[in-house]
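Undergrad: First, the structure itself, so that you have it in front of you.
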Amino acid sequence: MKNKRNSIIFFLASFTILTSCKKYLDAKSDQSLVVISTVQDLQSLLDNDLTVNGMNPNADAASSDDYYVSYASFQSFSYEQFRNLYTWQPTNVFNPYTNVTNDWTQLYNTVYIANVVLDNLDKIVKTESNASAWDNVKGQAQFLRAYAFLKAASIWSLAYDDRTSESDLGIPLRLTSDFNIPSVRSTVAETYNQIVTDANAAVRLLPNTSVHSQRSCKPAAYALMAKAYLAMRQYNKAGLYADSCLKIYNTLVDFNTFNTASAYPITQFNKEVIYNTYNGGAGGQLTNITNAKIDTVLYRLYASNDLRKTLYFKVNADGSMAFRGSYYGTAQLFSGIATDEVYLIRAECHARATNISAAMGDLNTILIKRYKTGAFIPLTASDPSDALSKILLERQKELVMRGTRWMDIKRLNKEGYGISLKRILNGQTYILPANDLRFALALPDDIITLSGMQQNPR
């Protein structure tokens, strides 16, 4: 079985390489090279950690305001595209010469794996003996496709807006593993409809628990629905799905139990992790622990008794702060789904529904686990607006460097928050104004050339 699994993965890796070269675009896929005959074969594809869990894009984290880089680091970047990504240039932000680690290629290779599983699962007869595994695999594949599409939408599409979603450019919705079918861009409305459709299907199929957080489960699918509806600013639905997730799984970890002396004190696969992914995208050179320095204004927001101030950050030799609080337990940035994020979604939705008591209850449930034992004084709010303000602030502090900040800025600017971003390099200032078209990053130039799809407007 191991040899067969490796053969299947080799086939998919070959697909990634071949599709990055124009001369192979018209070649037919010879899927007879690998015969997928069992549900376990398909589970093996989904269990490929490197491709499925470890190839998440980094462009959202790299584009946000959680961090900055020095001018010396900026000059040292291997490719011009990294500098362009950091300064929000209108074009040429993804390197066409490193397609194996290009965010677009990585995400759509993940989509391809999900589609291979779904296409081949329909050819395997569902029986009494394999029914549970059959449903589980289908649910995992539909979750994975929705997860990848939501990531892609957050990077390459503008924020969801009810007034313009039917005309705003969405992402290509690849729903088949036949890569001879041309890619076309959907609308933002179509994109989110597909995300919700896939995630909802996964909810019905997945079990309440999985053998490992590398695999999805029903709480993960509920949380994904909550994240999608939060991005759409449909807060009632986001709150309901966050609640559904937390009714099944709601564990939070007391940060007092972590060892502050460890290089990366947040333990890998800790009990808050519902679904584990980590960043392997092209923007990683920007956000790695050597180059990325935590925004000083953000760092000062943490109280002295807040354990996140020491568990999340370390002091560099030059006095700046580096991030070390990844939920992946290493220098690689965690980008998955954890219970703290789901609590924050429900808290925000409670506040928007004017349920101050429930909103602050959720927020304090998190924060008491984040402060030194006996030091936390529960927060209160004078009105729903005050509650929302406190929750959004803690959301930024809790989820630092997870990639969520980029979409938060985009959606909040649709509500008039007016959040603009600024970088200063060697005396030159770069600004990304609120609601600028560049909040939808440019698609990779080679993808536009090869596919003929429309580039994001500038």
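We label chains A, B, ... in the order they appear in the structure tokens, count residues from 1 in each chain, and number ligands from 1 in the order shown.
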Just want the 10 Å neighbourhood of Leu379 in chain A, counted on only C-alpha atoms, with same-chain residues fewer than 3 positions away dropped. Output as a ChimeraX atom specification.
TA: /A:360-361,363-364,367,376,387,390
Undergrad: Could you give me, as a VMD selection string, the residues within 12 Å of Asp103 in chain A, counting only C-alpha atoms and dropping anything in the same chain fewer than 4 positions from it?
TA: chain A and resid 54 to 62 85 93 to 96 98 to 99 107 to 110 148 151 to 152 155 to 156 279 to 284 441 to 444 447
Undergrad: Could you check the closest approach to Leu301 in chain A for each of A:Gln454, A:Gln396, A:Thr354, A:Ser177 and tell me which residue wins, using only C-alpha atoms?
TA: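 Using only C-alpha atoms, the shortest distance to Leu301 in chain A belongs to A:Gln396.
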Undergrad: Using only C-alpha atoms, determine which residues lie at most 10 Å from Lys123 in chain A, disregarding the query and same-chain residues fewer than 3 positions distant; provide the list as a list in words.
TA: Ile36, Ser37, Thr38, Leu118, Asp119, Asn120 and Lys126 of chain A
Undergrad: In Å to one decimal, how far is CA of Asp386 in chain A from CA of Ile419 in chain A?
TA: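 Here the two named atoms are 18.3 Å from each other.
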Undergrad: I'd like the neighbourhood of Leu344 in chain A as an MDAnalysis selection string, where a residue qualifies if any of its atoms comes within 8 Å (using only C-alpha atoms), though same-chain residues fewer than 3 positions away should be ignored.
TA: chainID A and resid 340:341 347:348 362:363 391 395
Undergrad: Filtering to all heavy atoms, could you give me those residues as a compact mmCIF listing (two decimals), in the first residue's frame?
TA:
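The resulting part.txt:
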# COMPACT_ATOMS: atom_id res chain seq x y z
N ASP A 340 -9.85 29.22 19.43
CA ASP A 340 -9.84 30.63 19.83
C ASP A 340 -10.44 31.52 18.74
O ASP A 340 -11.20 32.45 19.03
CB ASP A 340 -8.42 31.09 20.20
CG ASP A 340 -7.40 30.93 19.09
OD1 ASP A 340 -7.65 30.19 18.11
OD2 ASP A 340 -6.32 31.56 19.19
N GLU A 341 -10.14 31.22 17.47
CA GLU A 341 -10.71 32.00 16.37
C GLU A 341 -12.23 31.82 16.33
O GLU A 341 -12.97 32.79 16.08
CB GLU A 341 -10.10 31.57 15.04
CG GLU A 341 -10.65 32.37 13.86
CD GLU A 341 -10.12 31.93 12.51
OE1 GLU A 341 -9.32 30.98 12.46
OE2 GLU A 341 -10.52 32.55 11.50
N ALA A 347 -18.16 35.68 19.39
CA ALA A 347 -18.21 36.88 20.22
C ALA A 347 -18.56 38.11 19.38
O ALA A 347 -19.40 38.93 19.76
CB ALA A 347 -16.87 37.08 20.92
N GLU A 348 -17.89 38.24 18.22
CA GLU A 348 -18.17 39.39 17.34
C GLU A 348 -19.62 39.38 16.88
O GLU A 348 -20.28 40.44 16.85
CB GLU A 348 -17.23 39.36 16.14
CG GLU A 348 -17.47 40.50 15.17
CD GLU A 348 -16.54 40.53 13.97
OE1 GLU A 348 -15.48 39.87 14.04
OE2 GLU A 348 -16.87 41.20 12.98
N ASP A 362 -17.89 35.26 25.82
CA ASP A 362 -16.99 34.53 24.93
C ASP A 362 -15.58 35.12 24.97
O ASP A 362 -14.58 34.38 24.99
CB ASP A 362 -17.52 34.57 23.50
CG ASP A 362 -18.56 33.48 23.23
OD1 ASP A 362 -18.66 32.54 24.03
OD2 ASP A 362 -19.28 33.59 22.22
N LEU A 363 -15.49 36.44 24.95
CA LEU A 363 -14.18 37.08 24.95
C LEU A 363 -13.42 36.76 26.23
O LEU A 363 -12.23 36.40 26.20
CB LEU A 363 -14.33 38.59 24.78
CG LEU A 363 -13.02 39.38 24.67
CD1 LEU A 363 -12.21 38.93 23.46
CD2 LEU A 363 -13.30 40.89 24.58
N ILE A 391 -13.67 43.41 21.12
CA ILE A 391 -13.52 42.08 20.50
C ILE A 391 -12.63 42.16 19.26
O ILE A 391 -11.75 41.31 19.06
CB ILE A 391 -14.91 41.51 20.15
CG1 ILE A 391 -15.65 41.14 21.43
CG2 ILE A 391 -14.79 40.29 19.23
CD1 ILE A 391 -17.14 40.95 21.24
N ARG A 395 -9.19 40.28 18.71
CA ARG A 395 -9.06 39.41 17.54
C ARG A 395 -7.71 39.66 16.85
O ARG A 395 -7.01 38.72 16.48
CB ARG A 395 -10.21 39.65 16.56
CG ARG A 395 -10.16 38.81 15.31
CD ARG A 395 -11.37 39.03 14.41
NE ARG A 395 -11.18 38.37 13.14
CZ ARG A 395 -11.51 37.11 12.87
NH1 ARG A 395 -12.05 36.37 13.82
NH2 ARG A 395 -11.29 36.59 11.68
Undergrad: Please provide the set of residues having any atom within 8 Å of Tyr327 in chain A, restricted to only C-alpha atoms, with same-chain residues fewer than 5 positions apart removed, written as a list in words.
TA: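 So the residues in contact are Ile266, Thr267, Gln268, Phe269, Asn270, Val273, Leu333 and Phe334 of chain A.
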Undergrad: Closest to Leu425 in chain A among A:Ala131, A:Ala72, A:Ile377, A:Leu45, using only C-alpha atoms?
TA: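 Result for the nearest residue to Leu425 in chain A: A:Ala72.
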Undergrad: According to DSSP computed on the backbone, where in range 138-327 of chain A is there strand (DSSP E)? Give the residues as a list in words.
TA: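 DSSP-assigned strand (DSSP E) residues in range 138-327 of chain A: Leu169, Gly170, Ile171, Pro172, Arg185, Ser186, Thr187, Val273, Ile274, Tyr275, Lys293, Ile294, Phe313, Lys314, Val315, Met321, Ala322 and Phe323 of chain A.
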Undergrad: For the residues in that selection, give me N, CA, C and O atoms as a CSV table (one decimal), in the first residue's frame.
TA:
chain,number,residue,atom,x,y,z
A,169,LEU,N,-15.0,40.4,-9.7
A,169,LEU,CA,-14.3,39.2,-10.2
A,169,LEU,C,-14.0,38.3,-9.0
A,169,LEU,O,-13.4,38.7,-8.0
A,170,GLY,N,-14.4,37.1,-9.1
A,170,GLY,CA,-14.0,36.1,-8.1
A,170,GLY,C,-12.9,35.3,-8.6
A,170,GLY,O,-12.0,35.8,-9.4
A,171,ILE,N,-12.8,34.0,-8.3
A,171,ILE,CA,-11.7,33.1,-8.6
A,171,ILE,C,-12.2,32.0,-9.6
A,171,ILE,O,-13.3,31.8,-9.7
A,172,PRO,N,-11.2,31.4,-10.2
A,172,PRO,CA,-11.6,30.2,-11.0
A,172,PRO,C,-12.1,29.1,-10.1
A,172,PRO,O,-11.4,28.7,-9.2
A,185,ARG,N,-12.9,32.9,-14.8
A,185,ARG,CA,-13.2,33.5,-13.5
A,185,ARG,C,-14.6,33.6,-13.2
A,185,ARG,O,-15.4,33.9,-14.0
A,186,SER,N,-15.0,33.2,-12.0
A,186,SER,CA,-16.4,33.4,-11.5
A,186,SER,C,-16.6,34.8,-11.0
A,186,SER,O,-15.6,35.6,-10.9
A,187,THR,N,-17.8,35.1,-10.5
A,187,THR,CA,-18.0,36.3,-9.8
A,187,THR,C,-17.7,36.0,-8.3
A,187,THR,O,-17.6,34.9,-7.8
A,273,VAL,N,-6.3,23.3,18.3
A,273,VAL,CA,-6.2,23.1,16.8
A,273,VAL,C,-7.3,22.2,16.3
A,273,VAL,O,-7.3,21.0,16.7
A,274,ILE,N,-8.2,22.7,15.5
A,274,ILE,CA,-9.3,21.9,15.0
A,274,ILE,C,-8.9,21.4,13.6
A,274,ILE,O,-9.2,20.2,13.3
A,275,TYR,N,-8.2,22.2,12.8
A,275,TYR,CA,-7.7,21.7,11.5
A,275,TYR,C,-6.4,22.4,11.3
A,275,TYR,O,-6.2,23.6,11.4
A,293,LYS,N,9.5,41.7,11.5
A,293,LYS,CA,9.5,42.3,12.8
A,293,LYS,C,8.1,42.8,13.2
A,293,LYS,O,7.5,43.4,12.4
A,294,ILE,N,7.7,42.4,14.4
A,294,ILE,CA,6.3,42.7,14.7
A,294,ILE,C,6.1,44.2,14.9
A,294,ILE,O,6.9,45.0,15.4
A,313,PHE,N,6.1,36.4,21.3
A,313,PHE,CA,7.2,37.2,20.7
A,313,PHE,C,8.5,37.0,21.5
A,313,PHE,O,8.5,36.6,22.6
A,314,LYS,N,9.6,37.3,20.8
A,314,LYS,CA,10.9,37.3,21.4
A,314,LYS,C,11.6,38.6,21.0
A,314,LYS,O,11.4,39.2,19.9
A,315,VAL,N,12.6,39.0,21.8
A,315,VAL,CA,13.3,40.3,21.5
A,315,VAL,C,14.5,39.9,20.6
A,315,VAL,O,15.3,39.0,20.9
A,321,MET,N,11.0,43.1,17.7
A,321,MET,CA,10.3,41.9,18.2
A,321,MET,C,10.1,41.0,17.0
A,321,MET,O,9.7,41.4,15.9
A,322,ALA,N,10.3,39.7,17.3
A,322,ALA,CA,10.1,38.6,16.3
A,322,ALA,C,8.9,37.8,16.8
A,322,ALA,O,8.7,37.6,18.0
A,323,PHE,N,8.2,37.2,15.9
A,323,PHE,CA,7.0,36.3,16.2
A,323,PHE,C,7.5,34.9,16.4
A,323,PHE,O,8.2,34.4,15.6
Undergrad: Pick out the closest residue to Arg233 in chain A from this set: A:Ser326, A:Ser335, A:Thr105, A:Asn413. Count only C-alpha atoms.
TA: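 Closest candidate: A:Asn413.
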Undergrad: Taking only C-alpha atoms into account, name the residue in A:Ile337, A:Asp135, A:Tyr343, A:Tyr229 that is nearest to Glu394 in chain A.
TA: A:Tyr343
Undergrad: For a quick check of understanding, using only C-alpha atoms, which of A:Leu158, A:Val116, A:Cys245, A:Ala317 has the smallest distance to Ala434 in chain A?
TA: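 Of A:Leu158, A:Val116, A:Cys245, A:Ala317, the one nearest Ala434 in chain A, counting only C-alpha atoms, is A:Leu158.
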Undergrad: Could you give me the residues within range 177-420 of chain A that DSSP places in alpha helix (DSSP H), as a ChimeraX atom specification?
TA: /A:188-205,218-231,235-248,284-287,296-299,308-311,339-352,356-367,384-398,404-413
Undergrad: Wanna dump the range 68-173 of chain A-range 188-195 of chain A contacts at 12 Å for me, each residue with its shortest atom pair and the distance in Å to one decimal, counting only C-alpha atoms, ordered by chain and number, as a Markdown table?
TA:
| residue | atom | partner | partner_atom | distance |
| --- | --- | --- | --- | --- |
| A:Val111 | CA | A:Ile195 | CA | 12.0 |
| A:Gln142 | CA | A:Ile195 | CA | 9.1 |
| A:Phe143 | CA | A:Ile195 | CA | 8.8 |
| A:Leu144 | CA | A:Ile195 | CA | 10.0 |
| A:Arg145 | CA | A:Ile195 | CA | 7.8 |
| A:Ala146 | CA | A:Ile195 | CA | 4.6 |
| A:Tyr147 | CA | A:Ile195 | CA | 7.5 |
| A:Ala148 | CA | A:Ile195 | CA | 8.9 |
| A:Phe149 | CA | A:Ile195 | CA | 6.4 |
| A:Leu150 | CA | A:Ile195 | CA | 6.6 |
| A:Lys151 | CA | A:Ile195 | CA | 10.2 |
| A:Ala152 | CA | A:Thr191 | CA | 9.7 |
| A:Ala153 | CA | A:Thr191 | CA | 7.4 |
| A:Ser154 | CA | A:Val188 | CA | 10.5 |
| A:Trp156 | CA | A:Val188 | CA | 10.2 |
| A:Ser157 | CA | A:Val188 | CA | 7.0 |
| A:Leu158 | CA | A:Val188 | CA | 7.8 |
| A:Ala159 | CA | A:Val188 | CA | 8.3 |
| A:Tyr160 | CA | A:Val188 | CA | 6.6 |
| A:Asp161 | CA | A:Val188 | CA | 8.5 |
| A:Asp162 | CA | A:Ala189 | CA | 8.3 |
| A:Arg163 | CA | A:Ala189 | CA | 10.3 |
| A:Thr164 | CA | A:Val188 | CA | 8.4 |
| A:Ser165 | CA | A:Ala189 | CA | 4.9 |
| A:Glu166 | CA | A:Ala189 | CA | 5.3 |
| A:Ser167 | CA | A:Val188 | CA | 7.3 |
| A:Asp168 | CA | A:Val188 | CA | 5.6 |
| A:Leu169 | CA | A:Val188 | CA | 5.6 |
| A:Gly170 | CA | A:Val188 | CA | 4.1 |
| A:Ile171 | CA | A:Thr191 | CA | 6.5 |
| A:Pro172 | CA | A:Thr191 | CA | 8.1 |
| A:Leu173 | CA | A:Thr191 | CA | 7.0 |
